file model25.pdb (PDB, C-alpha atoms)
MODEL        1
ATOM      1  CA  MET A 298      96.186 -10.792  -6.198  1.00  0.00           C
ATOM      2  CA  LEU A 299      94.380 -12.102  -9.267  1.00  0.00           C
ATOM      3  CA  ARG A 300      96.676 -12.510 -12.257  1.00  0.00           C
ATOM      4  CA  LEU A 301      94.605 -11.541 -15.274  1.00  0.00           C
ATOM      5  CA  ASP A 302      97.162 -12.969 -17.691  1.00  0.00           C
ATOM      6  CA  TYR A 303      96.779 -16.448 -16.189  1.00  0.00           C
ATOM      7  CA  LEU A 304      92.995 -16.073 -16.145  1.00  0.00           C
ATOM      8  CA  SER A 305      93.066 -15.085 -19.817  1.00  0.00           C
ATOM      9  CA  CYS A 306      95.268 -18.083 -20.600  1.00  0.00           C
ATOM     10  CA  LEU A 307      92.841 -20.447 -18.862  1.00  0.00           C
ATOM     11  CA  LEU A 308      89.830 -18.886 -20.590  1.00  0.00           C
ATOM     12  CA  THR A 309      91.547 -19.099 -23.991  1.00  0.00           C
ATOM     13  CA  VAL A 310      92.294 -22.798 -23.614  1.00  0.00           C
ATOM     14  CA  ALA A 311      88.848 -23.640 -22.217  1.00  0.00           C
ATOM     15  CA  SER A 312      86.949 -21.652 -24.855  1.00  0.00           C
ATOM     16  CA  THR A 313      89.024 -23.152 -27.683  1.00  0.00           C
ATOM     17  CA  ILE A 314      88.325 -26.681 -26.461  1.00  0.00           C
ATOM     18  CA  LEU A 315      84.596 -25.990 -26.062  1.00  0.00           C
ATOM     19  CA  VAL A 316      84.226 -24.344 -29.473  1.00  0.00           C
ATOM     20  CA  GLY A 317      86.181 -27.237 -31.003  1.00  0.00           C
ATOM     21  CA  ARG A 318      83.656 -29.613 -29.441  1.00  0.00           C
ATOM     22  CA  ARG A 319      80.848 -27.494 -30.903  1.00  0.00           C
ATOM     23  CA  CYS A 320      79.640 -26.281 -27.500  1.00  0.00           C
ATOM     24  CA  TRP A 321      78.097 -22.821 -27.576  1.00  0.00           C
ATOM     25  CA  GLU A 322      79.426 -22.134 -24.058  1.00  0.00           C
ATOM     26  CA  GLY A 323      82.853 -21.737 -25.636  1.00  0.00           C
ATOM     27  CA  TRP A 324      81.679 -18.513 -27.287  1.00  0.00           C
ATOM     28  CA  VAL A 325      80.564 -17.201 -23.880  1.00  0.00           C
ATOM     29  CA  LEU A 326      83.981 -17.934 -22.373  1.00  0.00           C
ATOM     30  CA  ALA A 327      85.682 -16.338 -25.380  1.00  0.00           C
ATOM     31  CA  GLY A 328      83.625 -13.182 -24.828  1.00  0.00           C
ATOM     32  CA  ILE A 329      84.559 -13.103 -21.146  1.00  0.00           C
ATOM     33  CA  ASN A 330      88.202 -13.571 -22.148  1.00  0.00           C
ATOM     34  CA  SER A 331      87.984 -10.614 -24.531  1.00  0.00           C
ATOM     35  CA  ALA A 332      86.649  -8.471 -21.689  1.00  0.00           C
ATOM     36  CA  VAL A 333      89.588  -9.585 -19.526  1.00  0.00           C
ATOM     37  CA  ILE A 334      92.007  -8.671 -22.327  1.00  0.00           C
ATOM     38  CA  CYS A 335      90.381  -5.227 -22.548  1.00  0.00           C
ATOM     39  CA  VAL A 336      91.053  -4.741 -18.828  1.00  0.00           C
ATOM     40  CA  ILE A 337      94.646  -5.900 -19.282  1.00  0.00           C
ATOM     41  CA  GLY A 338      95.063  -3.490 -22.214  1.00  0.00           C
ATOM     42  CA  PHE A 339      93.658  -0.607 -20.184  1.00  0.00           C
ATOM     43  CA  ARG A 340      95.808  -1.341 -17.117  1.00  0.00           C
ATOM     44  CA  THR A 341      99.005  -1.674 -19.165  1.00  0.00           C
ATOM     45  CA  GLU A 342      98.130   1.261 -21.453  1.00  0.00           C
ATOM     46  CA  GLN A 343      98.194  -1.014 -24.509  1.00  0.00           C
ATOM     47  CA  LEU A 344      95.020   0.565 -25.786  1.00  0.00           C
ATOM     48  CA  GLY A 345      95.117  -1.192 -29.155  1.00  0.00           C
ATOM     49  CA  PHE A 346      93.800  -4.326 -27.436  1.00  0.00           C
ATOM     50  CA  ILE A 347      90.534  -2.623 -26.527  1.00  0.00           C
ATOM     51  CA  PRO A 348      88.904  -1.963 -29.932  1.00  0.00           C
ATOM     52  CA  ALA A 349      90.115  -5.300 -31.305  1.00  0.00           C
ATOM     53  CA  ASN A 350      88.583  -7.214 -28.420  1.00  0.00           C
ATOM     54  CA  LEU A 351      85.374  -5.181 -28.444  1.00  0.00           C
ATOM     55  CA  PHE A 352      85.029  -6.264 -32.077  1.00  0.00           C
ATOM     56  CA  CYS A 353      85.714  -9.861 -31.022  1.00  0.00           C
ATOM     57  CA  MET A 354      82.992  -9.665 -28.355  1.00  0.00           C
ATOM     58  CA  VAL A 355      80.474  -8.539 -30.981  1.00  0.00           C
ATOM     59  CA  LEU A 356      81.589 -11.373 -33.253  1.00  0.00           C
ATOM     60  CA  TYR A 357      81.304 -13.921 -30.427  1.00  0.00           C
ATOM     61  CA  GLY A 358      77.794 -12.672 -29.662  1.00  0.00           C
ATOM     62  CA  TRP A 359      76.842 -13.018 -33.307  1.00  0.00           C
ATOM     63  CA  ASN A 360      78.277 -16.550 -33.458  1.00  0.00           C
ATOM     64  CA  LEU A 361      76.545 -17.522 -30.227  1.00  0.00           C
ATOM     65  CA  ARG A 362      73.222 -16.274 -31.594  1.00  0.00           C
ATOM     66  CA  THR A 363      73.763 -18.143 -34.859  1.00  0.00           C
ATOM     67  CA  TRP A 364      74.700 -21.385 -33.105  1.00  0.00           C
ATOM     68  CA  ARG A 365      71.760 -21.199 -30.683  1.00  0.00           C
ATOM     69  CA  LYS A 366      69.335 -20.596 -33.574  1.00  0.00           C
ATOM     70  CA  ALA A 367      70.734 -23.596 -35.457  1.00  0.00           C
ATOM     71  CA  GLN A 368      70.242 -25.825 -32.406  1.00  0.00           C
ATOM     72  CA  THR A 369      66.575 -24.874 -32.035  1.00  0.00           C
ATOM     73  CA  MET A 370      65.705 -25.612 -35.657  1.00  0.00           C
TER      74      MET A 370
ENDMDL
END

call {"tool": "encode", "arguments": {"input": "model25.pdb", "output": "structure tokens"}}
result
Amino acid sequence: MLRLDYLSCLLTVASTILVGRRCWEGWVLAGINSAVICVIGFRTEQLGFIPANLFCMVLYGWNLRTWRKAQTM
């Protein structure tokens, strides 16, 4: 059985390292992690995680777009 908490932990560490190294792929992993946290929140009925992480996914998308535009200029 896949442990989503361990997956989220791995994604958090990896995305933090990548963003710290100024790699745009870190924002993609952070967005995937937020989706995983939404699933965890739904399964455990901790529904407060869902809107917070949906907001984070929008923010990650915005940051990814901004970073990709800056790289092409």

call {"tool": "residues_around", "arguments": {"input": "model25.pdb", "residues": "Val336 of chain A", "least_positions_apart": "6", "cutoff": "12 Å", "atoms": "all atoms listed in the file", "output": "PDB file with C-alpha atoms, keeping the file's coordinate frame"}}
result
ATOM      1  CA  ARG A 300      96.676 -12.510 -12.257  1.00  0.00           C
ATOM      2  CA  LEU A 301      94.605 -11.541 -15.274  1.00  0.00           C
ATOM      3  CA  ASP A 302      97.162 -12.969 -17.691  1.00  0.00           C
ATOM      4  CA  LEU A 304      92.995 -16.073 -16.145  1.00  0.00           C
ATOM      5  CA  SER A 305      93.066 -15.085 -19.817  1.00  0.00           C
ATOM      6  CA  ILE A 329      84.559 -13.103 -21.146  1.00  0.00           C
ATOM      7  CA  ASN A 330      88.202 -13.571 -22.148  1.00  0.00           C
ATOM      8  CA  GLU A 342      98.130   1.261 -21.453  1.00  0.00           C
ATOM      9  CA  GLN A 343      98.194  -1.014 -24.509  1.00  0.00           C
ATOM     10  CA  LEU A 344      95.020   0.565 -25.786  1.00  0.00           C
ATOM     11  CA  GLY A 345      95.117  -1.192 -29.155  1.00  0.00           C
ATOM     12  CA  PHE A 346      93.800  -4.326 -27.436  1.00  0.00           C
ATOM     13  CA  ILE A 347      90.534  -2.623 -26.527  1.00  0.00           C
ATOM     14  CA  PRO A 348      88.904  -1.963 -29.932  1.00  0.00           C
ATOM     15  CA  ASN A 350      88.583  -7.214 -28.420  1.00  0.00           C
ATOM     16  CA  LEU A 351      85.374  -5.181 -28.444  1.00  0.00           C
TER      17      LEU A 351
END

call {"tool": "atom_distance", "arguments": {"input": "model25.pdb", "atom1": "atom CA of Gly328 of chain A", "atom2": "atom CA of Asn360 of chain A"}}
result
10.7 Å

call {"tool": "closest_residue", "arguments": {"input": "model25.pdb", "among": "A:Trp364, A:Ile337, A:Ala327, A:Leu299", "to": "Leu315 of chain A", "atoms": "all atoms listed in the file"}}
result
A:Ala327

call {"tool": "resolve_selection", "arguments": {"input": "model25.pdb", "expression": "the PyMOL selection byres ((chain A and resi 311) around 12)", "output": "list in words"}}
result
Leu304, Ser305, Cys306, Leu307, Leu308, Thr309, Val310, Ser312, Thr313, Ile314, Leu315, Val316, Gly317, Arg318, Cys320, Glu322, Gly323, Trp324, Val325, Leu326, Ala327, Gly328, Ile329 and Asn330 of chain A

call {"tool": "atom_distance", "arguments": {"input": "model25.pdb", "atom1": "atom CA of Leu361 of chain A", "atom2": "atom CA of Ile334 of chain A"}}
result
19.5 Å

call {"tool": "atom_distance", "arguments": {"input": "model25.pdb", "atom1": "atom CA of Gly358 of chain A", "atom2": "atom CA of Val333 of chain A"}}
result
15.9 Å

call {"tool": "closest_residue", "arguments": {"input": "model25.pdb", "among": "A:Tyr303, A:Thr369, A:Trp321, A:Cys335", "to": "Cys353 of chain A", "atoms": "all atoms listed in the file"}}
result
A:Cys335

call {"tool": "axis_aligned_box", "arguments": {"input": "model25.pdb", "around": "segment 343-360 of chain A", "padding_each_side": "8 Å", "output": "lines of an AutoDock Vina configuration file"}}
result
center_x = 87.5
center_y = -8.0
center_z = -29.0
size_x = 37.4
size_y = 33.1
size_z = 24.9

call {"tool": "decode", "arguments": {"input": "model25.pdb", "residues": "segment 342-356 of chain A", "atoms": "C-alpha atoms", "output": "mmCIF file, in the first residue's frame"}}
result
data_model
loop_
_atom_site.group_PDB
_atom_site.id
_atom_site.type_symbol
_atom_site.label_atom_id
_atom_site.label_comp_id
_atom_site.auth_asym_id
_atom_site.auth_seq_id
_atom_site.Cartn_x
_atom_site.Cartn_y
_atom_site.Cartn_z
ATOM 1 C CA GLU A 342 -11.591 14.226 6.712
ATOM 2 C CA GLN A 343 -9.246 17.123 7.499
ATOM 3 C CA LEU A 344 -10.945 19.245 4.890
ATOM 4 C CA GLY A 345 -9.108 22.439 5.822
ATOM 5 C CA PHE A 346 -6.080 21.124 3.920
ATOM 6 C CA ILE A 347 -7.957 21.172 0.623
ATOM 7 C CA PRO A 348 -8.615 24.901 0.035
ATOM 8 C CA ALA A 349 -5.193 25.855 1.403
ATOM 9 C CA ASN A 350 -3.422 23.490 -0.965
ATOM 10 C CA LEU A 351 -5.604 24.422 -3.931
ATOM 11 C CA PHE A 352 -4.455 27.998 -3.314
ATOM 12 C CA CYS A 353 -0.855 26.762 -3.136
ATOM 13 C CA MET A 354 -1.242 24.956 -6.475
ATOM 14 C CA VAL A 355 -2.425 28.187 -8.107
ATOM 15 C CA LEU A 356 0.510 30.036 -6.557
#
